Structures are given as C-alpha cells and as structure tokens.
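Peer 1: Take this structure, written in structure tokens, and hold onto it; I'll ask about it next.
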Amino acid sequence: MKFVIGDETDQALTTTLVHELVLCKDSFERFSHFAEMNIMGRRDKVLKIKCHDAYANFLHHLYEFYVSCIKRDRRNTKNIDNEKLNKIFNNEAKKLLKNRINAIENGYAPSWENEISVYKIEVPDEFGTQFRKIRNRTAHASIHRSVPGTELSLADFYHKYHLLIWLLYYSAQELWTIKDVEAHDWKAIEEFDLAIHG
C-alpha cells in the first residue's frame, strides 16, 4: 500500500520502526551484559542460552527495523523482494564503512574511533543474504539452529559480520532513538496494556 509521509499509515509505520529499535536496543544491551559475564568467567549453560538468545533477538529486531525503514523510504508497505533487500543491506553496509573512513581521514571522527584499517574491508557479497537467513533461522524452530555445520551458525555469523551489524545498529541509534519513551503514542501496545491491566 502506498502512503504519504505524515498520514495514518506513515504514523503507524513510524511507531513500528521505533518499537523495533527499542526492542533491538534492549536485546543488544542484554547480549552485552551476558557476553561480559561470559568473558569474566561465568560459563554456565543458562548464561550461554541467554547470550545466544539475546544476540539472535538483536539481529531479528535490527533486520525488521531496517526493512521498515526501507518501506518508509519507498512510501510503500508492500513486501520487498529478498534479492532487492540483500542488495540494499550490502549497499548500506558499504556506505557506513565509507562514512567511517571519511570521518577518520578528514579529522572529524570521535576520539574513541577505531583505527582506519578496521573499516578498510570489503562487504562480502553474501552479507545481506546471510543477514536475512540468520534472522529467519533464529526466529523459527528449526534443526538448523542446533546442528553445527548444516548452515551458517550464529557463531560464524558473529565472527564474519558483527562489525557490519554494529555499524547498522549504531547508525540506527543515531537517527531513530526517541528521547522520551513515555511521551510516545504506542498505539496497539497501549491497547494491550489496557487489556492486561483489566
């Protein structure tokens, strides 16, 4: 369905975008917390499960956030062909790497920025495809989630693509994080709250 920026459909899509980013941030913060506990020596099974789940949820919400952004940019809520989405994700990752390099080279990168060599990498052609696949695999009950070697695992995805994922997340945070969650109109979430409140 086509829409105009500012109309009812756009407002609903904007709420969806913000909601996905709130959930994405929450999942990333949980992942960071569990990963830190793991690094500090806590390696029990429950923590491992929670850490895996938090990262999988983070990827799921980040992917959905970007798909909603793409739909909003196109001003059309119609589903987008997977091949087109794969290319869009690849191009976005390339753009974000280029922006980091430019900021470092031109002296306006923050003081905490990585060395330029971190960003002088090629975005693998399969990045967008693998992002979609890992999001699907971790969102559904599938044996591929549990059987090593059947497809790209979450661990392999993390090792190969986490820098690109982090750049997508950081960029999203800069552009879409809302300052006052309480003041935002959450529409169906508010309705659900009333339903359980009684």
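Chain labels run A, B, ... following the order of the structure tokens; each chain numbers its residues from 1, and ligands are numbered from 1 in the order shown.
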Residues of stretch 49-136 of chain A within 9 Å of stretch 16-32 of chain A: nearest atom pair and distance (Å, one decimal) for each, counting only C-alpha atoms, sorted by chain and number, as JSON lines?
Peer 2:
```
{"residue": "A:Lys50", "atom": "CA", "partner": "A:Phe31", "partner_atom": "CA", "distance": 7.8}
{"residue": "A:Cys51", "atom": "CA", "partner": "A:Phe31", "partner_atom": "CA", "distance": 5.2}
{"residue": "A:His52", "atom": "CA", "partner": "A:Phe31", "partner_atom": "CA", "distance": 7.6}
{"residue": "A:Asp53", "atom": "CA", "partner": "A:Phe31", "partner_atom": "CA", "distance": 8.0}
{"residue": "A:Ala54", "atom": "CA", "partner": "A:Phe31", "partner_atom": "CA", "distance": 4.9}
{"residue": "A:Tyr55", "atom": "CA", "partner": "A:Phe31", "partner_atom": "CA", "distance": 5.5}
{"residue": "A:Ala56", "atom": "CA", "partner": "A:Ser27", "partner_atom": "CA", "distance": 8.4}
{"residue": "A:Asn57", "atom": "CA", "partner": "A:Ser27", "partner_atom": "CA", "distance": 6.0}
{"residue": "A:Phe58", "atom": "CA", "partner": "A:Ser27", "partner_atom": "CA", "distance": 4.8}
{"residue": "A:Leu59", "atom": "CA", "partner": "A:Cys24", "partner_atom": "CA", "distance": 7.5}
{"residue": "A:His60", "atom": "CA", "partner": "A:Cys24", "partner_atom": "CA", "distance": 7.9}
{"residue": "A:His61", "atom": "CA", "partner": "A:Cys24", "partner_atom": "CA", "distance": 4.9}
{"residue": "A:Leu62", "atom": "CA", "partner": "A:Cys24", "partner_atom": "CA", "distance": 5.7}
{"residue": "A:Glu64", "atom": "CA", "partner": "A:Glu20", "partner_atom": "CA", "distance": 6.8}
{"residue": "A:Phe65", "atom": "CA", "partner": "A:Glu20", "partner_atom": "CA", "distance": 5.4}
{"residue": "A:Tyr66", "atom": "CA", "partner": "A:Leu17", "partner_atom": "CA", "distance": 8.2}
{"residue": "A:Ser68", "atom": "CA", "partner": "A:Leu17", "partner_atom": "CA", "distance": 6.1}
{"residue": "A:Cys69", "atom": "CA", "partner": "A:Leu17", "partner_atom": "CA", "distance": 6.9}
```
Peer 1: Give me a file of those residues, with N, CA and C atoms, as a PDB file, in the first residue's frame.
Peer 2:
```pdb
ATOM      1  N   LYS A  50      21.030 -17.656  27.295  1.00  0.00           N
ATOM      2  CA  LYS A  50      20.544 -16.273  27.336  1.00  0.00           C
ATOM      3  C   LYS A  50      21.346 -15.371  26.401  1.00  0.00           C
ATOM      4  N   CYS A  51      22.644 -15.563  26.353  1.00  0.00           N
ATOM      5  CA  CYS A  51      23.506 -14.757  25.491  1.00  0.00           C
ATOM      6  C   CYS A  51      23.172 -15.025  24.017  1.00  0.00           C
ATOM      7  N   HIS A  52      23.036 -16.281  23.657  1.00  0.00           N
ATOM      8  CA  HIS A  52      22.673 -16.674  22.290  1.00  0.00           C
ATOM      9  C   HIS A  52      21.321 -16.079  21.909  1.00  0.00           C
ATOM     10  N   ASP A  53      20.351 -16.199  22.806  1.00  0.00           N
ATOM     11  CA  ASP A  53      19.003 -15.697  22.549  1.00  0.00           C
ATOM     12  C   ASP A  53      18.997 -14.178  22.389  1.00  0.00           C
ATOM     13  N   ALA A  54      19.744 -13.486  23.243  1.00  0.00           N
ATOM     14  CA  ALA A  54      19.776 -12.026  23.173  1.00  0.00           C
ATOM     15  C   ALA A  54      20.363 -11.562  21.844  1.00  0.00           C
ATOM     16  N   TYR A  55      21.434 -12.218  21.378  1.00  0.00           N
ATOM     17  CA  TYR A  55      22.037 -11.811  20.108  1.00  0.00           C
ATOM     18  C   TYR A  55      21.112 -12.138  18.937  1.00  0.00           C
ATOM     19  N   ALA A  56      20.470 -13.293  18.984  1.00  0.00           N
ATOM     20  CA  ALA A  56      19.520 -13.663  17.927  1.00  0.00           C
ATOM     21  C   ALA A  56      18.368 -12.664  17.871  1.00  0.00           C
ATOM     22  N   ASN A  57      17.836 -12.288  19.037  1.00  0.00           N
ATOM     23  CA  ASN A  57      16.754 -11.294  19.078  1.00  0.00           C
ATOM     24  C   ASN A  57      17.221  -9.936  18.563  1.00  0.00           C
ATOM     25  N   PHE A  58      18.439  -9.568  18.935  1.00  0.00           N
ATOM     26  CA  PHE A  58      19.025  -8.318  18.457  1.00  0.00           C
ATOM     27  C   PHE A  58      19.051  -8.290  16.928  1.00  0.00           C
ATOM     28  N   LEU A  59      19.527  -9.362  16.318  1.00  0.00           N
ATOM     29  CA  LEU A  59      19.577  -9.429  14.858  1.00  0.00           C
ATOM     30  C   LEU A  59      18.182  -9.360  14.246  1.00  0.00           C
ATOM     31  N   HIS A  60      17.256 -10.075  14.854  1.00  0.00           N
ATOM     32  CA  HIS A  60      15.881 -10.093  14.355  1.00  0.00           C
ATOM     33  C   HIS A  60      15.291  -8.679  14.339  1.00  0.00           C
ATOM     34  N   HIS A  61      15.407  -7.969  15.461  1.00  0.00           N
ATOM     35  CA  HIS A  61      14.820  -6.629  15.552  1.00  0.00           C
ATOM     36  C   HIS A  61      15.564  -5.621  14.679  1.00  0.00           C
ATOM     37  N   LEU A  62      16.877  -5.770  14.560  1.00  0.00           N
ATOM     38  CA  LEU A  62      17.638  -4.866  13.690  1.00  0.00           C
ATOM     39  C   LEU A  62      17.222  -5.059  12.232  1.00  0.00           C
ATOM     40  N   GLU A  64      14.343  -6.243  11.078  1.00  0.00           N
ATOM     41  CA  GLU A  64      12.982  -5.742  10.895  1.00  0.00           C
ATOM     42  C   GLU A  64      12.934  -4.217  10.918  1.00  0.00           C
ATOM     43  N   PHE A  65      13.753  -3.603  11.748  1.00  0.00           N
ATOM     44  CA  PHE A  65      13.837  -2.146  11.779  1.00  0.00           C
ATOM     45  C   PHE A  65      14.235  -1.616  10.400  1.00  0.00           C
ATOM     46  N   TYR A  66      15.283  -2.190   9.832  1.00  0.00           N
ATOM     47  CA  TYR A  66      15.752  -1.708   8.531  1.00  0.00           C
ATOM     48  C   TYR A  66      14.743  -1.983   7.425  1.00  0.00           C
ATOM     49  N   SER A  68      11.554  -1.987   7.734  1.00  0.00           N
ATOM     50  CA  SER A  68      10.531  -0.947   7.902  1.00  0.00           C
ATOM     51  C   SER A  68      11.032   0.407   7.406  1.00  0.00           C
ATOM     52  N   CYS A  69      12.296   0.716   7.660  1.00  0.00           N
ATOM     53  CA  CYS A  69      12.889   1.968   7.148  1.00  0.00           C
ATOM     54  C   CYS A  69      12.853   2.003   5.625  1.00  0.00           C
TER      55      CYS A  69
END
```
Peer 1: Please provide the set of residues having any atom within 12 Å of stretch 129-138 of chain A, restricted to only C-alpha atoms, with same-chain residues fewer than 6 positions apart removed, written as a PyMOL selection string.
Peer 2: chain A and resi 52-64+66-67+81-90+93+123+144-147+150-158+160-162+164-165+168
Peer 1: I need the chosen residues saved as a compact mmCIF listing (two decimals), in the first residue's frame, with N, CA and C atoms.
Peer 2:
```txt
# COMPACT_ATOMS: atom_id res chain seq x y z
N HIS A 52 23.04 -16.28 23.66
CA HIS A 52 22.67 -16.67 22.29
C HIS A 52 21.32 -16.08 21.91
N ASP A 53 20.35 -16.20 22.81
CA ASP A 53 19.00 -15.70 22.55
C ASP A 53 19.00 -14.18 22.39
N ALA A 54 19.74 -13.49 23.24
CA ALA A 54 19.78 -12.03 23.17
C ALA A 54 20.36 -11.56 21.84
N TYR A 55 21.43 -12.22 21.38
CA TYR A 55 22.04 -11.81 20.11
C TYR A 55 21.11 -12.14 18.94
N ALA A 56 20.47 -13.29 18.98
CA ALA A 56 19.52 -13.66 17.93
C ALA A 56 18.37 -12.66 17.87
N ASN A 57 17.84 -12.29 19.04
CA ASN A 57 16.75 -11.29 19.08
C ASN A 57 17.22 -9.94 18.56
N PHE A 58 18.44 -9.57 18.93
CA PHE A 58 19.02 -8.32 18.46
C PHE A 58 19.05 -8.29 16.93
N LEU A 59 19.53 -9.36 16.32
CA LEU A 59 19.58 -9.43 14.86
C LEU A 59 18.18 -9.36 14.25
N HIS A 60 17.26 -10.07 14.85
CA HIS A 60 15.88 -10.09 14.36
C HIS A 60 15.29 -8.68 14.34
N HIS A 61 15.41 -7.97 15.46
CA HIS A 61 14.82 -6.63 15.55
C HIS A 61 15.56 -5.62 14.68
N LEU A 62 16.88 -5.77 14.56
CA LEU A 62 17.64 -4.87 13.69
C LEU A 62 17.22 -5.06 12.23
N TYR A 63 17.08 -6.30 11.82
CA TYR A 63 16.66 -6.60 10.45
C TYR A 63 15.28 -6.00 10.18
N GLU A 64 14.34 -6.24 11.08
CA GLU A 64 12.98 -5.74 10.89
C GLU A 64 12.93 -4.22 10.92
N TYR A 66 15.28 -2.19 9.83
CA TYR A 66 15.75 -1.71 8.53
C TYR A 66 14.74 -1.98 7.42
N VAL A 67 14.09 -3.11 7.45
CA VAL A 67 13.07 -3.39 6.44
C VAL A 67 11.95 -2.34 6.52
N ASP A 81 11.11 -7.70 -2.45
CA ASP A 81 11.79 -8.90 -2.93
C ASP A 81 13.09 -9.11 -2.15
N ASN A 82 13.34 -10.36 -1.75
CA ASN A 82 14.53 -10.68 -0.95
C ASN A 82 15.83 -10.26 -1.62
N GLU A 83 15.93 -10.47 -2.93
CA GLU A 83 17.16 -10.10 -3.64
C GLU A 83 17.41 -8.59 -3.56
N LYS A 84 16.35 -7.81 -3.66
CA LYS A 84 16.48 -6.36 -3.54
C LYS A 84 16.93 -5.99 -2.12
N LEU A 85 16.31 -6.63 -1.13
CA LEU A 85 16.70 -6.36 0.26
C LEU A 85 18.16 -6.70 0.50
N ASN A 86 18.61 -7.84 -0.03
CA ASN A 86 20.00 -8.25 0.14
C ASN A 86 20.95 -7.17 -0.38
N LYS A 87 20.65 -6.64 -1.56
CA LYS A 87 21.48 -5.60 -2.17
C LYS A 87 21.43 -4.31 -1.36
N ILE A 88 20.25 -3.97 -0.86
CA ILE A 88 20.12 -2.75 -0.05
C ILE A 88 20.96 -2.86 1.22
N PHE A 89 20.91 -4.02 1.88
CA PHE A 89 21.73 -4.20 3.09
C PHE A 89 23.22 -4.12 2.76
N ASN A 90 23.64 -4.72 1.66
CA ASN A 90 25.04 -4.64 1.26
C ASN A 90 25.45 -3.19 1.00
N ALA A 93 25.76 -1.18 4.26
CA ALA A 93 27.00 -1.51 4.97
C ALA A 93 28.19 -0.83 4.30
N VAL A 123 32.71 -5.45 1.87
CA VAL A 123 31.47 -6.07 2.33
C VAL A 123 31.26 -7.32 1.49
N HIS A 144 18.28 -26.47 12.01
CA HIS A 144 19.49 -25.78 11.55
C HIS A 144 20.05 -24.86 12.62
N ARG A 145 19.21 -24.48 13.57
CA ARG A 145 19.67 -23.65 14.68
C ARG A 145 20.59 -24.44 15.60
N SER A 146 20.38 -25.75 15.70
CA SER A 146 21.06 -26.57 16.69
C SER A 146 22.14 -27.49 16.15
N VAL A 147 22.12 -27.76 14.86
CA VAL A 147 23.05 -28.74 14.30
C VAL A 147 24.23 -28.02 13.66
N THR A 150 25.37 -27.46 9.45
CA THR A 150 24.31 -27.59 8.45
C THR A 150 24.18 -26.30 7.63
N GLU A 151 24.31 -25.16 8.28
CA GLU A 151 24.28 -23.86 7.62
C GLU A 151 25.12 -22.92 8.47
N LEU A 152 25.24 -21.67 8.04
CA LEU A 152 26.00 -20.68 8.80
C LEU A 152 25.40 -20.56 10.20
N SER A 153 26.20 -20.82 11.21
CA SER A 153 25.73 -20.75 12.59
C SER A 153 25.74 -19.30 13.07
N LEU A 154 25.11 -19.07 14.20
CA LEU A 154 25.12 -17.73 14.80
C LEU A 154 26.55 -17.35 15.16
N ALA A 155 27.35 -18.30 15.61
CA ALA A 155 28.75 -18.02 15.94
C ALA A 155 29.53 -17.60 14.69
N ASP A 156 29.34 -18.33 13.60
CA ASP A 156 30.01 -17.97 12.35
C ASP A 156 29.56 -16.60 11.85
N PHE A 157 28.26 -16.36 11.94
CA PHE A 157 27.72 -15.06 11.52
C PHE A 157 28.35 -13.95 12.35
N TYR A 158 28.44 -14.15 13.65
CA TYR A 158 29.03 -13.15 14.55
C TYR A 158 30.48 -12.85 14.13
N LYS A 160 31.98 -13.34 11.25
CA LYS A 160 32.12 -12.79 9.90
C LYS A 160 31.55 -11.38 9.75
N TYR A 161 30.44 -11.10 10.45
CA TYR A 161 29.67 -9.91 10.11
C TYR A 161 29.38 -8.95 11.27
N HIS A 162 29.88 -9.24 12.46
CA HIS A 162 29.46 -8.41 13.60
C HIS A 162 29.83 -6.94 13.41
N LEU A 164 29.84 -5.17 10.69
CA LEU A 164 28.83 -4.57 9.81
C LEU A 164 27.50 -4.41 10.54
N ILE A 165 27.15 -5.41 11.35
CA ILE A 165 25.92 -5.36 12.13
C ILE A 165 25.99 -4.21 13.13
N LEU A 168 25.41 -0.92 11.42
CA LEU A 168 23.98 -0.72 11.14
C LEU A 168 23.24 -0.30 12.41
```
Peer 1: Among stretch 15-187 of chain A, which ones does DSSP assign to alpha helix (DSSP H) (computed from the backbone)? Answer as a PyMOL selection string.
Peer 2: chain A and resi 15-39+45-74+82-105+127-139+154-176
Peer 1: Would you mind reading off the distance between atom CA of A:Lys98 and atom CA of A:Asn114, one decimal, in Å?
Peer 2: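 Distance between the two atoms: 13.7 Å.
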Peer 1: For A:Thr14, which residue among A:Leu167, A:Leu97, A:Ile70, A:Met1 is the nearest when counting only C-alpha atoms?
Peer 2: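 Going through A:Leu167, A:Leu97, A:Ile70, A:Met1 one by one, the smallest distance to A:Thr14 is for A:Ile70.
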Peer 1: Separation of atom CA of A:Glu113 and atom CA of A:Asn38, in Å?
Peer 2: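 Separating atom CA of A:Glu113 from atom CA of A:Asn38 is a distance of 25.1 Å.
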Peer 1: Could you pull the residues within 12 Å of A:Asp185, counting only C-alpha atoms, minus those fewer than 3 positions along the same chain, as a ChimeraX atom specification?
Peer 2: /A:11-12,14-16,18-19,178,180-182,188-191
Peer 1: Can you write out the residues you just picked, keeping N, CA, C and O atoms, as a PDB file, in the first residue's frame?
Peer 2:
```pdb
ATOM      1  N   GLN A  11       2.331   7.120  10.172  1.00  0.00           N
ATOM      2  CA  GLN A  11       2.426   7.203  11.632  1.00  0.00           C
ATOM      3  C   GLN A  11       2.501   5.813  12.258  1.00  0.00           C
ATOM      4  O   GLN A  11       3.285   5.579  13.183  1.00  0.00           O
ATOM      5  N   ALA A  12       1.709   4.889  11.726  1.00  0.00           N
ATOM      6  CA  ALA A  12       1.742   3.511  12.234  1.00  0.00           C
ATOM      7  C   ALA A  12       3.091   2.859  11.938  1.00  0.00           C
ATOM      8  O   ALA A  12       3.659   2.166  12.791  1.00  0.00           O
ATOM      9  N   THR A  14       5.934   4.426  11.500  1.00  0.00           N
ATOM     10  CA  THR A  14       6.918   5.094  12.359  1.00  0.00           C
ATOM     11  C   THR A  14       6.905   4.501  13.760  1.00  0.00           C
ATOM     12  O   THR A  14       7.963   4.249  14.353  1.00  0.00           O
ATOM     13  N   THR A  15       5.720   4.237  14.295  1.00  0.00           N
ATOM     14  CA  THR A  15       5.623   3.599  15.613  1.00  0.00           C
ATOM     15  C   THR A  15       6.254   2.208  15.573  1.00  0.00           C
ATOM     16  O   THR A  15       6.966   1.810  16.495  1.00  0.00           O
ATOM     17  N   THR A  16       6.032   1.479  14.487  1.00  0.00           N
ATOM     18  CA  THR A  16       6.645   0.157  14.324  1.00  0.00           C
ATOM     19  C   THR A  16       8.162   0.268  14.305  1.00  0.00           C
ATOM     20  O   THR A  16       8.863  -0.514  14.959  1.00  0.00           O
ATOM     21  N   VAL A  18      10.092   2.634  15.603  1.00  0.00           N
ATOM     22  CA  VAL A  18      10.601   2.999  16.929  1.00  0.00           C
ATOM     23  C   VAL A  18      10.508   1.800  17.868  1.00  0.00           C
ATOM     24  O   VAL A  18      11.434   1.529  18.644  1.00  0.00           O
ATOM     25  N   HIS A  19       9.427   1.045  17.785  1.00  0.00           N
ATOM     26  CA  HIS A  19       9.251  -0.131  18.625  1.00  0.00           C
ATOM     27  C   HIS A  19      10.340  -1.164  18.331  1.00  0.00           C
ATOM     28  O   HIS A  19      10.953  -1.714  19.259  1.00  0.00           O
ATOM     29  N   ILE A 178      14.248   7.454  20.314  1.00  0.00           N
ATOM     30  CA  ILE A 178      13.415   8.512  20.884  1.00  0.00           C
ATOM     31  C   ILE A 178      13.882   8.809  22.302  1.00  0.00           C
ATOM     32  O   ILE A 178      14.322   7.927  23.025  1.00  0.00           O
ATOM     33  N   ASP A 180      12.041  10.288  24.797  1.00  0.00           N
ATOM     34  CA  ASP A 180      11.040  10.109  25.855  1.00  0.00           C
ATOM     35  C   ASP A 180      10.062   9.000  25.477  1.00  0.00           C
ATOM     36  O   ASP A 180       9.068   9.231  24.790  1.00  0.00           O
ATOM     37  N   VAL A 181      10.373   7.791  25.914  1.00  0.00           N
ATOM     38  CA  VAL A 181       9.534   6.634  25.619  1.00  0.00           C
ATOM     39  C   VAL A 181       8.118   6.832  26.170  1.00  0.00           C
ATOM     40  O   VAL A 181       7.131   6.466  25.534  1.00  0.00           O
ATOM     41  N   GLU A 182       8.012   7.440  27.331  1.00  0.00           N
ATOM     42  CA  GLU A 182       6.707   7.628  27.972  1.00  0.00           C
ATOM     43  C   GLU A 182       5.802   8.563  27.177  1.00  0.00           C
ATOM     44  O   GLU A 182       4.587   8.413  27.191  1.00  0.00           O
ATOM     45  N   ALA A 188      -1.093   0.140  19.537  1.00  0.00           N
ATOM     46  CA  ALA A 188      -1.534  -1.208  19.908  1.00  0.00           C
ATOM     47  C   ALA A 188      -0.893  -1.685  21.205  1.00  0.00           C
ATOM     48  O   ALA A 188      -1.478  -2.489  21.934  1.00  0.00           O
ATOM     49  N   ILE A 189       0.297  -1.192  21.523  1.00  0.00           N
ATOM     50  CA  ILE A 189       0.948  -1.567  22.779  1.00  0.00           C
ATOM     51  C   ILE A 189       0.165  -1.001  23.955  1.00  0.00           C
ATOM     52  O   ILE A 189      -0.030  -1.667  24.972  1.00  0.00           O
ATOM     53  N   GLU A 190      -0.317   0.229  23.803  1.00  0.00           N
ATOM     54  CA  GLU A 190      -1.164   0.839  24.844  1.00  0.00           C
ATOM     55  C   GLU A 190      -2.465   0.048  25.004  1.00  0.00           C
ATOM     56  O   GLU A 190      -2.934  -0.183  26.121  1.00  0.00           O
ATOM     57  N   GLU A 191      -3.031  -0.378  23.878  1.00  0.00           N
ATOM     58  CA  GLU A 191      -4.265  -1.165  23.909  1.00  0.00           C
ATOM     59  C   GLU A 191      -4.039  -2.486  24.649  1.00  0.00           C
ATOM     60  O   GLU A 191      -4.863  -2.913  25.458  1.00  0.00           O
TER      61      GLU A 191
END
```
Peer 1: If you measure from atom CA of A:Lys78 to atom CA of A:His184, what distance in Å do you get, rounded to one decimal?
Peer 2: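 Computed distance, atom CA of A:Lys78 to atom CA of A:His184, equals 25.6 Å.
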Peer 1: From the options A:Val46, A:Leu175, A:Val4, A:Ile101, which residue's atoms come nearest to A:Arg75, counting only C-alpha atoms?
Peer 2: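 Checking each candidate against A:Arg75, we get A:Val4 as the closest.
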